[in-house]
There are 2 protein chains.
Amino acid sequence: MKTSERILNAATIAFGENGYDGTSLDTLAKELGIRKQSILYHYPTKEALLDASVFGAIEVLATVLSDAVRDSEEGWDRIEIMVRKVFRLAIQRPELLGLLREVSRLGPPTLTKAIKGFDPLIQGATDWLKSEMDFGRIRESDPYLLVISVYSVIMGAATEGNLLEAIGVQQTPRDVVLRRKELLRFLRSALIPVAN
Amino acid sequence: MKTSERILNAATIAFGENGYDGTSLDTLAKELGIRKQSILYHYPTKEALLDASVFGAIEVLATVLSDAVRDSEEGWDRIEIMVRKVFRLAIQRPELLGLLREVSRLGPPTLTKAIKGFDPLIQGATDWLKSEMDFGRIRESDPYLLVISVYSVIMGAATEGNLLEAIGVQQTPRDVVLRRKELLRFLRSALIPVAN
DNA sequence: TCTACTTTCTACCACTTGGTAGGCAATGCT
DNA sequence: AGCATTGCCTACCAAGTGGTAGAAAGTAGA
């Protein structure tokens, strides 16, 4: 693998797990077995490295979600597949979601740039939810605010690993599946209108 | 106000908004118009200051929640009052919830200590949900996992202010009320069983 | 007034931070 | 061969980090 890619991967993990301020270029370089100046050769500043990491993370997430749209039917089925894929992502690459959360805490200017890549996803989800509501397949409500709620639940369930571990919730694959199922039941009750 | 309290307040805000690593004792002291060594007199290390901040934040949250329990009827009413109070807290002192999120990202040892104060709240909520389910007032499911989901939604809705601002969601008091209402509708659909 | 104690300060310190300047080997093009 | 470019390096720097030592200033009781 190319050095610049190795740097980007390590940086994404470090930023996502330890935060921007909690990550130093020196320790990052040490992990990679190179010098800090090699990092600064490929990415001129620490912030440029962060931007690249964030861009990559958003790209991965966008791909996962658009795959979910492609592979799914309409209605509830689509939400279920999305949650499954996001959960799988949260297990395989937890640093990605952690990084996105970190970005939203950092605020501008990084957040402002990140939103440019993220906004289409939100728009798409909002439009889709609206049309599903028109079809009566999703409970009527403000789609924009609903997206935020759903985003919060999924993000929370997927990223609060540290917290869960600390309060003694097991983290075996089986437990994660259970938690995903519980989340789906929760979302399902919240979203699906009562048949009438 | 006593200096040690002023330090604690400023530290809670700084840690909650900029994170632990993003907060330096020097800038903190400058904000307060004192020297860094005065901080280190009242709190021997930076980590001790963090622990004190976290302890204070948990105490406030615990008070708010137990007030909510005292002031509320059973069933849905109680959840609604809790959400209201947590939202008010999120508006008046957003740094508190931000700090709790930061702690869960930092992991041990701070998280481990924090959980000691936090666990009773979770236990209480879990037990209460269980009994509500027995009464048929809350939809049947794993109460432990349900607490986590509800925690995630509230925490997300209450702390993603930065994100919302960046994607252009207004943050006027009226908008916050709207968002709280939407969240309550969301939770209500998710939790309340269908009458039969 | 003397004394003991609390609080805040100045002066430092070793270490880490992100970043600059420039050398040096490898690679590939002419 | 000669030469430019790429990629990684050593050497260094100014600024900032958390923390120590100990002096100075206030405060209260005898």
# chains A, B, ... in the order shown; residues from 1 in each chain; ligands from 1
$ interface_residues --of "chain A" --to "chain C" --cutoff "12 Å" --atoms "only C-alpha atoms (C1' of nucleotides)" --output "JSON, numbers by chain"
{"A": [21, 22, 23, 24, 25, 26, 27, 36, 37, 39, 40, 41, 43, 44, 45, 46, 47]}
$ residues_around --residues "Leu121 of chain B" --least-positions-apart "2" --cutoff "12 Å" --atoms "only C-alpha atoms (C1' of nucleotides)" --output "PyMOL selection string"
(chain A and resi 167) or (chain B and resi 58-59+61-66+69+114-119+123-128+144+147-148+151)
$ calpha_fit_and_write --fixed "chain A" --moving "chain B" --output "mmCIF file with C-alpha atoms, in the first residue's frame"
data_model
loop_
_atom_site.group_PDB
_atom_site.id
_atom_site.type_symbol
_atom_site.label_atom_id
_atom_site.label_comp_id
_atom_site.auth_asym_id
_atom_site.auth_seq_id
_atom_site.Cartn_x
_atom_site.Cartn_y
_atom_site.Cartn_z
ATOM 1 C CA MET B 1 -0.051 0.024 0.032
ATOM 2 C CA LYS B 2 1.116 3.539 -0.795
ATOM 3 C CA THR B 3 2.520 5.545 2.074
ATOM 4 C CA SER B 4 -0.045 8.290 1.668
ATOM 5 C CA GLU B 5 -2.842 5.727 2.000
ATOM 6 C CA ARG B 6 -1.243 4.140 5.043
ATOM 7 C CA ILE B 7 -1.007 7.576 6.625
ATOM 8 C CA LEU B 8 -4.619 8.313 5.805
ATOM 9 C CA ASN B 9 -5.854 5.045 7.314
ATOM 10 C CA ALA B 10 -3.853 5.454 10.495
ATOM 11 C CA ALA B 11 -4.949 9.077 10.786
ATOM 12 C CA THR B 12 -8.621 8.186 10.363
ATOM 13 C CA ILE B 13 -8.365 5.644 13.160
ATOM 14 C CA ALA B 14 -6.422 7.986 15.422
ATOM 15 C CA PHE B 15 -8.677 11.008 14.847
ATOM 16 C CA GLY B 16 -11.799 8.878 15.219
ATOM 17 C CA GLU B 17 -10.691 7.219 18.446
ATOM 18 C CA ASN B 18 -8.603 9.863 20.209
ATOM 19 C CA GLY B 19 -9.963 13.018 18.634
ATOM 20 C CA TYR B 20 -8.107 15.699 16.714
ATOM 21 C CA ASP B 21 -6.355 17.267 19.678
ATOM 22 C CA GLY B 22 -5.624 13.867 21.161
ATOM 23 C CA THR B 23 -3.663 12.841 18.097
ATOM 24 C CA SER B 24 -0.089 14.020 17.531
ATOM 25 C CA LEU B 25 1.757 13.717 14.263
ATOM 26 C CA ASP B 26 4.762 12.294 16.080
ATOM 27 C CA THR B 27 2.942 9.344 17.628
ATOM 28 C CA LEU B 28 1.087 8.806 14.379
ATOM 29 C CA ALA B 29 4.403 8.618 12.537
ATOM 30 C CA LYS B 30 5.840 6.268 15.154
ATOM 31 C CA GLU B 31 2.930 3.874 14.663
ATOM 32 C CA LEU B 32 3.646 3.848 10.954
ATOM 33 C CA GLY B 33 7.385 3.432 11.412
ATOM 34 C CA ILE B 34 8.167 6.681 9.600
ATOM 35 C CA ARG B 35 9.145 10.247 10.528
ATOM 36 C CA LYS B 36 6.664 13.022 11.108
ATOM 37 C CA GLN B 37 8.146 14.971 8.202
ATOM 38 C CA SER B 38 7.073 12.244 5.817
ATOM 39 C CA ILE B 39 3.494 12.811 6.923
ATOM 40 C CA LEU B 40 3.888 16.529 6.355
ATOM 41 C CA TYR B 41 5.228 15.808 2.903
ATOM 42 C CA HIS B 42 2.012 14.054 1.846
ATOM 43 C CA TYR B 43 -0.327 16.288 3.852
ATOM 44 C CA PRO B 44 1.044 19.795 4.292
ATOM 45 C CA THR B 45 -0.643 20.461 7.635
ATOM 46 C CA LYS B 46 -2.358 18.481 10.358
ATOM 47 C CA GLU B 47 -5.655 20.063 9.392
ATOM 48 C CA ALA B 48 -5.195 18.985 5.773
ATOM 49 C CA LEU B 49 -4.749 15.442 7.050
ATOM 50 C CA LEU B 50 -7.940 15.749 9.068
ATOM 51 C CA ASP B 51 -9.856 17.057 6.064
ATOM 52 C CA ALA B 52 -8.644 14.167 3.952
ATOM 53 C CA SER B 53 -9.658 11.672 6.648
ATOM 54 C CA VAL B 54 -13.100 13.199 6.967
ATOM 55 C CA PHE B 55 -13.577 13.277 3.234
ATOM 56 C CA GLY B 56 -12.671 9.593 3.044
ATOM 57 C CA ALA B 57 -15.005 8.671 5.880
ATOM 58 C CA ILE B 58 -17.936 10.468 4.301
ATOM 59 C CA GLU B 59 -17.224 8.795 0.994
ATOM 60 C CA VAL B 60 -17.290 5.346 2.574
ATOM 61 C CA LEU B 61 -20.512 6.106 4.416
ATOM 62 C CA ALA B 62 -22.122 7.499 1.286
ATOM 63 C CA THR B 63 -21.155 4.383 -0.641
ATOM 64 C CA VAL B 64 -22.553 2.090 2.027
ATOM 65 C CA LEU B 65 -25.819 3.998 2.113
ATOM 66 C CA SER B 66 -26.268 4.215 -1.623
ATOM 67 C CA ASP B 67 -25.551 0.479 -1.831
ATOM 68 C CA ALA B 68 -28.300 0.036 0.726
ATOM 69 C CA VAL B 69 -30.695 2.011 -1.435
ATOM 70 C CA ARG B 70 -29.764 -0.024 -4.492
ATOM 71 C CA ASP B 71 -30.147 -3.390 -2.734
ATOM 72 C CA SER B 72 -33.429 -2.664 -1.027
ATOM 73 C CA GLU B 73 -37.131 -2.594 -1.713
ATOM 74 C CA GLU B 74 -39.168 0.399 -0.659
ATOM 75 C CA GLY B 75 -40.627 1.116 2.769
ATOM 76 C CA TRP B 76 -39.432 -0.483 5.934
ATOM 77 C CA ASP B 77 -37.207 -2.938 4.095
ATOM 78 C CA ARG B 78 -34.931 -0.124 3.028
ATOM 79 C CA ILE B 79 -34.505 1.245 6.545
ATOM 80 C CA GLU B 80 -33.744 -2.214 7.845
ATOM 81 C CA ILE B 81 -31.022 -2.787 5.272
ATOM 82 C CA MET B 82 -29.557 0.633 5.976
ATOM 83 C CA VAL B 83 -29.377 -0.021 9.685
ATOM 84 C CA ARG B 84 -27.773 -3.390 9.030
ATOM 85 C CA LYS B 85 -25.122 -1.864 6.806
ATOM 86 C CA VAL B 86 -24.379 1.010 9.146
ATOM 87 C CA PHE B 87 -24.047 -1.437 12.019
ATOM 88 C CA ARG B 88 -21.689 -3.612 10.034
ATOM 89 C CA LEU B 89 -19.668 -0.504 9.295
ATOM 90 C CA ALA B 90 -19.703 0.433 12.970
ATOM 91 C CA ILE B 91 -18.281 -2.960 13.878
ATOM 92 C CA GLN B 92 -15.730 -3.254 11.106
ATOM 93 C CA ARG B 93 -14.564 0.340 11.084
ATOM 94 C CA PRO B 94 -15.807 2.031 14.268
ATOM 95 C CA GLU B 95 -13.329 4.865 13.748
ATOM 96 C CA LEU B 96 -15.335 6.158 10.787
ATOM 97 C CA LEU B 97 -18.454 6.984 12.781
ATOM 98 C CA GLY B 98 -16.305 8.180 15.656
ATOM 99 C CA LEU B 99 -14.583 10.561 13.290
ATOM 100 C CA LEU B 100 -17.882 11.971 12.060
ATOM 101 C CA ARG B 101 -18.957 12.603 15.628
ATOM 102 C CA GLU B 102 -15.632 14.269 16.332
ATOM 103 C CA VAL B 103 -16.119 16.534 13.346
ATOM 104 C CA SER B 104 -19.519 17.647 14.560
ATOM 105 C CA ARG B 105 -17.922 18.530 17.900
ATOM 106 C CA LEU B 106 -15.033 20.408 16.327
ATOM 107 C CA GLY B 107 -17.415 22.722 14.498
ATOM 108 C CA PRO B 108 -16.288 25.042 11.697
ATOM 109 C CA PRO B 109 -14.275 25.132 9.559
ATOM 110 C CA THR B 110 -13.931 21.361 9.228
ATOM 111 C CA LEU B 111 -17.604 20.737 9.878
ATOM 112 C CA THR B 112 -18.583 23.255 7.242
ATOM 113 C CA LYS B 113 -16.564 21.460 4.595
ATOM 114 C CA ALA B 114 -17.762 18.060 5.775
ATOM 115 C CA ILE B 115 -21.383 19.092 5.466
ATOM 116 C CA LYS B 116 -20.910 19.747 1.769
ATOM 117 C CA GLY B 117 -20.394 16.018 1.287
ATOM 118 C CA PHE B 118 -22.935 15.023 3.861
ATOM 119 C CA ASP B 119 -25.833 17.262 2.946
ATOM 120 C CA PRO B 120 -26.839 15.327 -0.197
ATOM 121 C CA LEU B 121 -27.272 12.219 1.949
ATOM 122 C CA ILE B 122 -29.540 14.072 4.339
ATOM 123 C CA GLN B 123 -31.471 15.633 1.475
ATOM 124 C CA GLY B 124 -31.920 12.267 -0.189
ATOM 125 C CA ALA B 125 -33.110 10.667 3.023
ATOM 126 C CA THR B 126 -35.491 13.530 3.698
ATOM 127 C CA ASP B 127 -37.036 13.413 0.233
ATOM 128 C CA TRP B 128 -37.397 9.668 0.370
ATOM 129 C CA LEU B 129 -39.053 9.755 3.797
ATOM 130 C CA LYS B 130 -41.457 12.386 2.534
ATOM 131 C CA SER B 131 -42.535 10.244 -0.379
ATOM 132 C CA GLU B 132 -42.867 7.213 1.876
ATOM 133 C CA MET B 133 -45.155 9.235 4.101
ATOM 134 C CA ASP B 134 -47.271 10.163 1.106
ATOM 135 C CA PHE B 135 -47.602 6.472 0.341
ATOM 136 C CA GLY B 136 -48.624 5.893 3.961
ATOM 137 C CA ARG B 137 -45.755 3.515 4.571
ATOM 138 C CA ILE B 138 -44.119 5.770 7.155
ATOM 139 C CA ARG B 139 -45.903 7.585 9.957
ATOM 140 C CA GLU B 140 -46.703 11.197 9.100
ATOM 141 C CA SER B 141 -44.329 13.754 10.637
ATOM 142 C CA ASP B 142 -41.683 16.343 9.808
ATOM 143 C CA PRO B 143 -39.265 14.343 7.655
ATOM 144 C CA TYR B 144 -36.326 16.642 8.324
ATOM 145 C CA LEU B 145 -36.589 16.288 12.082
ATOM 146 C CA LEU B 146 -37.279 12.604 11.719
ATOM 147 C CA VAL B 147 -34.009 12.108 9.854
ATOM 148 C CA ILE B 148 -32.203 13.724 12.745
ATOM 149 C CA SER B 149 -33.871 11.455 15.287
ATOM 150 C CA VAL B 150 -33.123 8.333 13.291
ATOM 151 C CA TYR B 151 -29.578 9.520 12.709
ATOM 152 C CA SER B 152 -29.152 10.027 16.456
ATOM 153 C CA VAL B 153 -30.417 6.589 17.401
ATOM 154 C CA ILE B 154 -28.287 4.775 14.875
ATOM 155 C CA MET B 155 -25.226 6.859 15.585
ATOM 156 C CA GLY B 156 -25.712 6.429 19.317
ATOM 157 C CA ALA B 157 -26.315 2.709 19.183
ATOM 158 C CA ALA B 158 -23.372 2.272 16.856
ATOM 159 C CA THR B 159 -20.818 4.492 18.573
ATOM 160 C CA GLU B 160 -21.473 4.201 22.296
ATOM 161 C CA GLY B 161 -19.338 1.080 22.482
ATOM 162 C CA ASN B 162 -17.101 2.512 25.186
ATOM 163 C CA LEU B 163 -20.038 3.442 27.339
ATOM 164 C CA LEU B 164 -21.711 0.093 26.950
ATOM 165 C CA GLU B 165 -18.525 -1.721 27.828
ATOM 166 C CA ALA B 166 -18.072 0.388 30.930
ATOM 167 C CA ILE B 167 -21.573 -0.303 32.232
ATOM 168 C CA GLY B 168 -20.985 -3.990 31.686
ATOM 169 C CA VAL B 169 -22.939 -4.621 28.495
ATOM 170 C CA GLN B 170 -21.234 -7.460 26.679
ATOM 171 C CA GLN B 171 -19.821 -6.706 23.245
ATOM 172 C CA THR B 172 -19.638 -10.147 21.642
ATOM 173 C CA PRO B 173 -20.892 -10.347 18.040
ATOM 174 C CA ARG B 174 -24.006 -12.065 19.332
ATOM 175 C CA ASP B 175 -24.733 -9.178 21.706
ATOM 176 C CA VAL B 176 -24.249 -6.667 18.944
ATOM 177 C CA VAL B 177 -26.733 -8.548 16.788
ATOM 178 C CA LEU B 178 -29.189 -8.513 19.680
ATOM 179 C CA ARG B 179 -28.730 -4.792 20.085
ATOM 180 C CA ARG B 180 -29.233 -4.215 16.404
ATOM 181 C CA LYS B 181 -32.438 -6.237 16.499
ATOM 182 C CA GLU B 182 -33.662 -4.250 19.470
ATOM 183 C CA LEU B 183 -32.850 -1.019 17.691
ATOM 184 C CA LEU B 184 -34.740 -2.177 14.616
ATOM 185 C CA ARG B 185 -37.779 -3.048 16.722
ATOM 186 C CA PHE B 186 -37.529 0.378 18.331
ATOM 187 C CA LEU B 187 -37.292 2.156 14.987
ATOM 188 C CA ARG B 188 -40.034 0.030 13.498
ATOM 189 C CA SER B 189 -42.489 0.913 16.231
ATOM 190 C CA ALA B 190 -41.551 4.548 15.897
ATOM 191 C CA LEU B 191 -41.885 4.752 12.140
ATOM 192 C CA ILE B 192 -44.473 2.317 10.875
ATOM 193 C CA PRO B 193 -48.044 3.528 11.061
ATOM 194 C CA VAL B 194 -50.635 1.329 12.712
ATOM 195 C CA ALA B 195 -52.508 -0.705 10.111
ATOM 196 C CA ASN B 196 -56.089 0.463 9.711
#
$ interface_residues --of "chain D" --to "chain B" --cutoff "9 Å" --atoms "only C-alpha atoms (C1' of nucleotides)" --output "PyMOL selection string"
chain D and resi 17-19
$ select_by_dssp --residues "segment 30-185 of chain B" --states "alpha helix (DSSP H)" --output "count of residues only"
128
$ decode --residues "segment 46-91 of chain A" --atoms "N, CA and C atoms" --output "mmCIF file, in the first residue's frame"
data_model
loop_
_atom_site.group_PDB
_atom_site.id
_atom_site.type_symbol
_atom_site.label_atom_id
_atom_site.label_comp_id
_atom_site.auth_asym_id
_atom_site.auth_seq_id
_atom_site.Cartn_x
_atom_site.Cartn_y
_atom_site.Cartn_z
ATOM 1 N N LYS A 46 -1.570 19.452 9.630
ATOM 2 C CA LYS A 46 -2.376 18.491 10.372
ATOM 3 C C LYS A 46 -3.844 18.613 9.961
ATOM 4 N N GLU A 47 -4.280 19.840 9.752
ATOM 5 C CA GLU A 47 -5.674 20.053 9.395
ATOM 6 C C GLU A 47 -5.987 19.479 8.017
ATOM 7 N N ALA A 48 -5.013 19.576 7.099
ATOM 8 C CA ALA A 48 -5.213 18.984 5.775
ATOM 9 C C ALA A 48 -5.402 17.474 5.906
ATOM 10 N N LEU A 49 -4.637 16.870 6.820
ATOM 11 C CA LEU A 49 -4.762 15.433 7.055
ATOM 12 C C LEU A 49 -6.147 15.101 7.607
ATOM 13 N N LEU A 50 -6.607 15.939 8.527
ATOM 14 C CA LEU A 50 -7.953 15.743 9.071
ATOM 15 C C LEU A 50 -8.999 15.832 7.967
ATOM 16 N N ASP A 51 -8.901 16.878 7.152
ATOM 17 C CA ASP A 51 -9.866 17.052 6.062
ATOM 18 C C ASP A 51 -9.896 15.829 5.151
ATOM 19 N N ALA A 52 -8.712 15.331 4.823
ATOM 20 C CA ALA A 52 -8.648 14.156 3.955
ATOM 21 C C ALA A 52 -9.313 12.959 4.623
ATOM 22 N N SER A 53 -9.063 12.773 5.908
ATOM 23 C CA SER A 53 -9.671 11.655 6.645
ATOM 24 C C SER A 53 -11.188 11.768 6.633
ATOM 25 N N VAL A 54 -11.672 12.967 6.921
ATOM 26 C CA VAL A 54 -13.107 13.179 6.975
ATOM 27 C C VAL A 54 -13.733 12.928 5.610
ATOM 28 N N PHE A 55 -13.081 13.461 4.577
ATOM 29 C CA PHE A 55 -13.583 13.256 3.224
ATOM 30 C C PHE A 55 -13.700 11.764 2.930
ATOM 31 N N GLY A 56 -12.652 11.018 3.274
ATOM 32 C CA GLY A 56 -12.678 9.578 3.050
ATOM 33 C C GLY A 56 -13.800 8.889 3.801
ATOM 34 N N ALA A 57 -13.980 9.287 5.066
ATOM 35 C CA ALA A 57 -15.019 8.663 5.891
ATOM 36 C C ALA A 57 -16.403 8.907 5.306
ATOM 37 N N ILE A 58 -16.643 10.141 4.879
ATOM 38 C CA ILE A 58 -17.944 10.459 4.310
ATOM 39 C C ILE A 58 -18.178 9.664 3.031
ATOM 40 N N GLU A 59 -17.121 9.525 2.260
ATOM 41 C CA GLU A 59 -17.235 8.783 1.004
ATOM 42 C C GLU A 59 -17.643 7.335 1.273
ATOM 43 N N VAL A 60 -16.975 6.717 2.248
ATOM 44 C CA VAL A 60 -17.307 5.336 2.591
ATOM 45 C C VAL A 60 -18.764 5.227 3.038
ATOM 46 N N LEU A 61 -19.149 6.149 3.920
ATOM 47 C CA LEU A 61 -20.514 6.102 4.434
ATOM 48 C C LEU A 61 -21.528 6.304 3.302
ATOM 49 N N ALA A 62 -21.229 7.243 2.407
ATOM 50 C CA ALA A 62 -22.130 7.498 1.285
ATOM 51 C C ALA A 62 -22.266 6.265 0.408
ATOM 52 N N THR A 63 -21.136 5.589 0.188
ATOM 53 C CA THR A 63 -21.165 4.378 -0.628
ATOM 54 C C THR A 63 -22.026 3.301 0.020
ATOM 55 N N VAL A 64 -21.793 3.094 1.314
ATOM 56 C CA VAL A 64 -22.564 2.085 2.043
ATOM 57 C C VAL A 64 -24.064 2.373 1.941
ATOM 58 N N LEU A 65 -24.421 3.641 2.135
ATOM 59 C CA LEU A 65 -25.841 3.988 2.129
ATOM 60 C C LEU A 65 -26.450 3.881 0.736
ATOM 61 N N SER A 66 -25.695 4.288 -0.285
ATOM 62 C CA SER A 66 -26.276 4.205 -1.626
ATOM 63 C C SER A 66 -26.376 2.749 -2.073
ATOM 64 N N ASP A 67 -25.437 1.910 -1.595
ATOM 65 C CA ASP A 67 -25.559 0.472 -1.830
ATOM 66 C C ASP A 67 -26.853 -0.047 -1.196
ATOM 67 N N ALA A 68 -27.110 0.457 0.005
ATOM 68 C CA ALA A 68 -28.314 0.008 0.718
ATOM 69 C C ALA A 68 -29.563 0.376 -0.070
ATOM 70 N N VAL A 69 -29.547 1.574 -0.647
ATOM 71 C CA VAL A 69 -30.702 2.002 -1.431
ATOM 72 C C VAL A 69 -30.875 1.099 -2.651
ATOM 73 N N ARG A 70 -29.738 0.779 -3.286
ATOM 74 C CA ARG A 70 -29.787 -0.039 -4.494
ATOM 75 C C ARG A 70 -30.309 -1.451 -4.183
ATOM 76 N N ASP A 71 -29.854 -2.003 -3.049
ATOM 77 C CA ASP A 71 -30.159 -3.396 -2.741
ATOM 78 C C ASP A 71 -31.528 -3.605 -2.107
ATOM 79 N N SER A 72 -32.258 -2.522 -1.870
ATOM 80 C CA SER A 72 -33.448 -2.681 -1.044
ATOM 81 C C SER A 72 -34.730 -2.380 -1.785
ATOM 82 N N GLU A 73 -35.787 -2.956 -1.261
ATOM 83 C CA GLU A 73 -37.128 -2.591 -1.700
ATOM 84 C C GLU A 73 -37.462 -1.228 -1.115
ATOM 85 N N GLU A 74 -38.699 -0.848 -1.269
ATOM 86 C CA GLU A 74 -39.150 0.407 -0.660
ATOM 87 C C GLU A 74 -39.555 0.167 0.796
ATOM 88 N N GLY A 75 -40.039 1.220 1.420
ATOM 89 C CA GLY A 75 -40.637 1.113 2.752
ATOM 90 C C GLY A 75 -39.673 0.655 3.824
ATOM 91 N N TRP A 76 -40.202 -0.085 4.771
ATOM 92 C CA TRP A 76 -39.434 -0.484 5.935
ATOM 93 C C TRP A 76 -38.188 -1.268 5.563
ATOM 94 N N ASP A 77 -38.317 -2.101 4.564
ATOM 95 C CA ASP A 77 -37.202 -2.926 4.108
ATOM 96 C C ASP A 77 -35.931 -2.106 3.914
ATOM 97 N N ARG A 78 -36.094 -0.930 3.333
ATOM 98 C CA ARG A 78 -34.928 -0.104 3.047
ATOM 99 C C ARG A 78 -34.265 0.373 4.336
ATOM 100 N N ILE A 79 -35.076 0.795 5.275
ATOM 101 C CA ILE A 79 -34.510 1.250 6.554
ATOM 102 C C ILE A 79 -33.768 0.116 7.242
ATOM 103 N N GLU A 80 -34.379 -1.080 7.189
ATOM 104 C CA GLU A 80 -33.752 -2.224 7.849
ATOM 105 C C GLU A 80 -32.387 -2.517 7.244
ATOM 106 N N ILE A 81 -32.312 -2.513 5.933
ATOM 107 C CA ILE A 81 -31.022 -2.783 5.281
ATOM 108 C C ILE A 81 -30.003 -1.702 5.597
ATOM 109 N N MET A 82 -30.482 -0.453 5.640
ATOM 110 C CA MET A 82 -29.565 0.644 5.984
ATOM 111 C C MET A 82 -28.992 0.451 7.376
ATOM 112 N N VAL A 83 -29.853 0.164 8.327
ATOM 113 C CA VAL A 83 -29.379 -0.021 9.700
ATOM 114 C C VAL A 83 -28.384 -1.170 9.761
ATOM 115 N N ARG A 84 -28.702 -2.259 9.081
ATOM 116 C CA ARG A 84 -27.778 -3.395 9.039
ATOM 117 C C ARG A 84 -26.413 -2.968 8.526
ATOM 118 N N LYS A 85 -26.409 -2.238 7.417
ATOM 119 C CA LYS A 85 -25.120 -1.865 6.804
ATOM 120 C C LYS A 85 -24.348 -0.880 7.679
ATOM 121 N N VAL A 86 -25.077 0.061 8.279
ATOM 122 C CA VAL A 86 -24.388 1.016 9.153
ATOM 123 C C VAL A 86 -23.807 0.296 10.366
ATOM 124 N N PHE A 87 -24.565 -0.673 10.878
ATOM 125 C CA PHE A 87 -24.053 -1.438 12.016
ATOM 126 C C PHE A 87 -22.809 -2.228 11.634
ATOM 127 N N ARG A 88 -22.852 -2.835 10.468
ATOM 128 C CA ARG A 88 -21.694 -3.598 10.033
ATOM 129 C C ARG A 88 -20.486 -2.672 9.928
ATOM 130 N N LEU A 89 -20.729 -1.488 9.386
ATOM 131 C CA LEU A 89 -19.662 -0.492 9.291
ATOM 132 C C LEU A 89 -19.151 -0.115 10.676
ATOM 133 N N ALA A 90 -20.100 0.044 11.605
ATOM 134 C CA ALA A 90 -19.712 0.455 12.963
ATOM 135 C C ALA A 90 -18.860 -0.618 13.639
ATOM 136 N N ILE A 91 -19.079 -1.886 13.265
ATOM 137 C CA ILE A 91 -18.290 -2.966 13.856
ATOM 138 C C ILE A 91 -16.933 -3.080 13.172
#
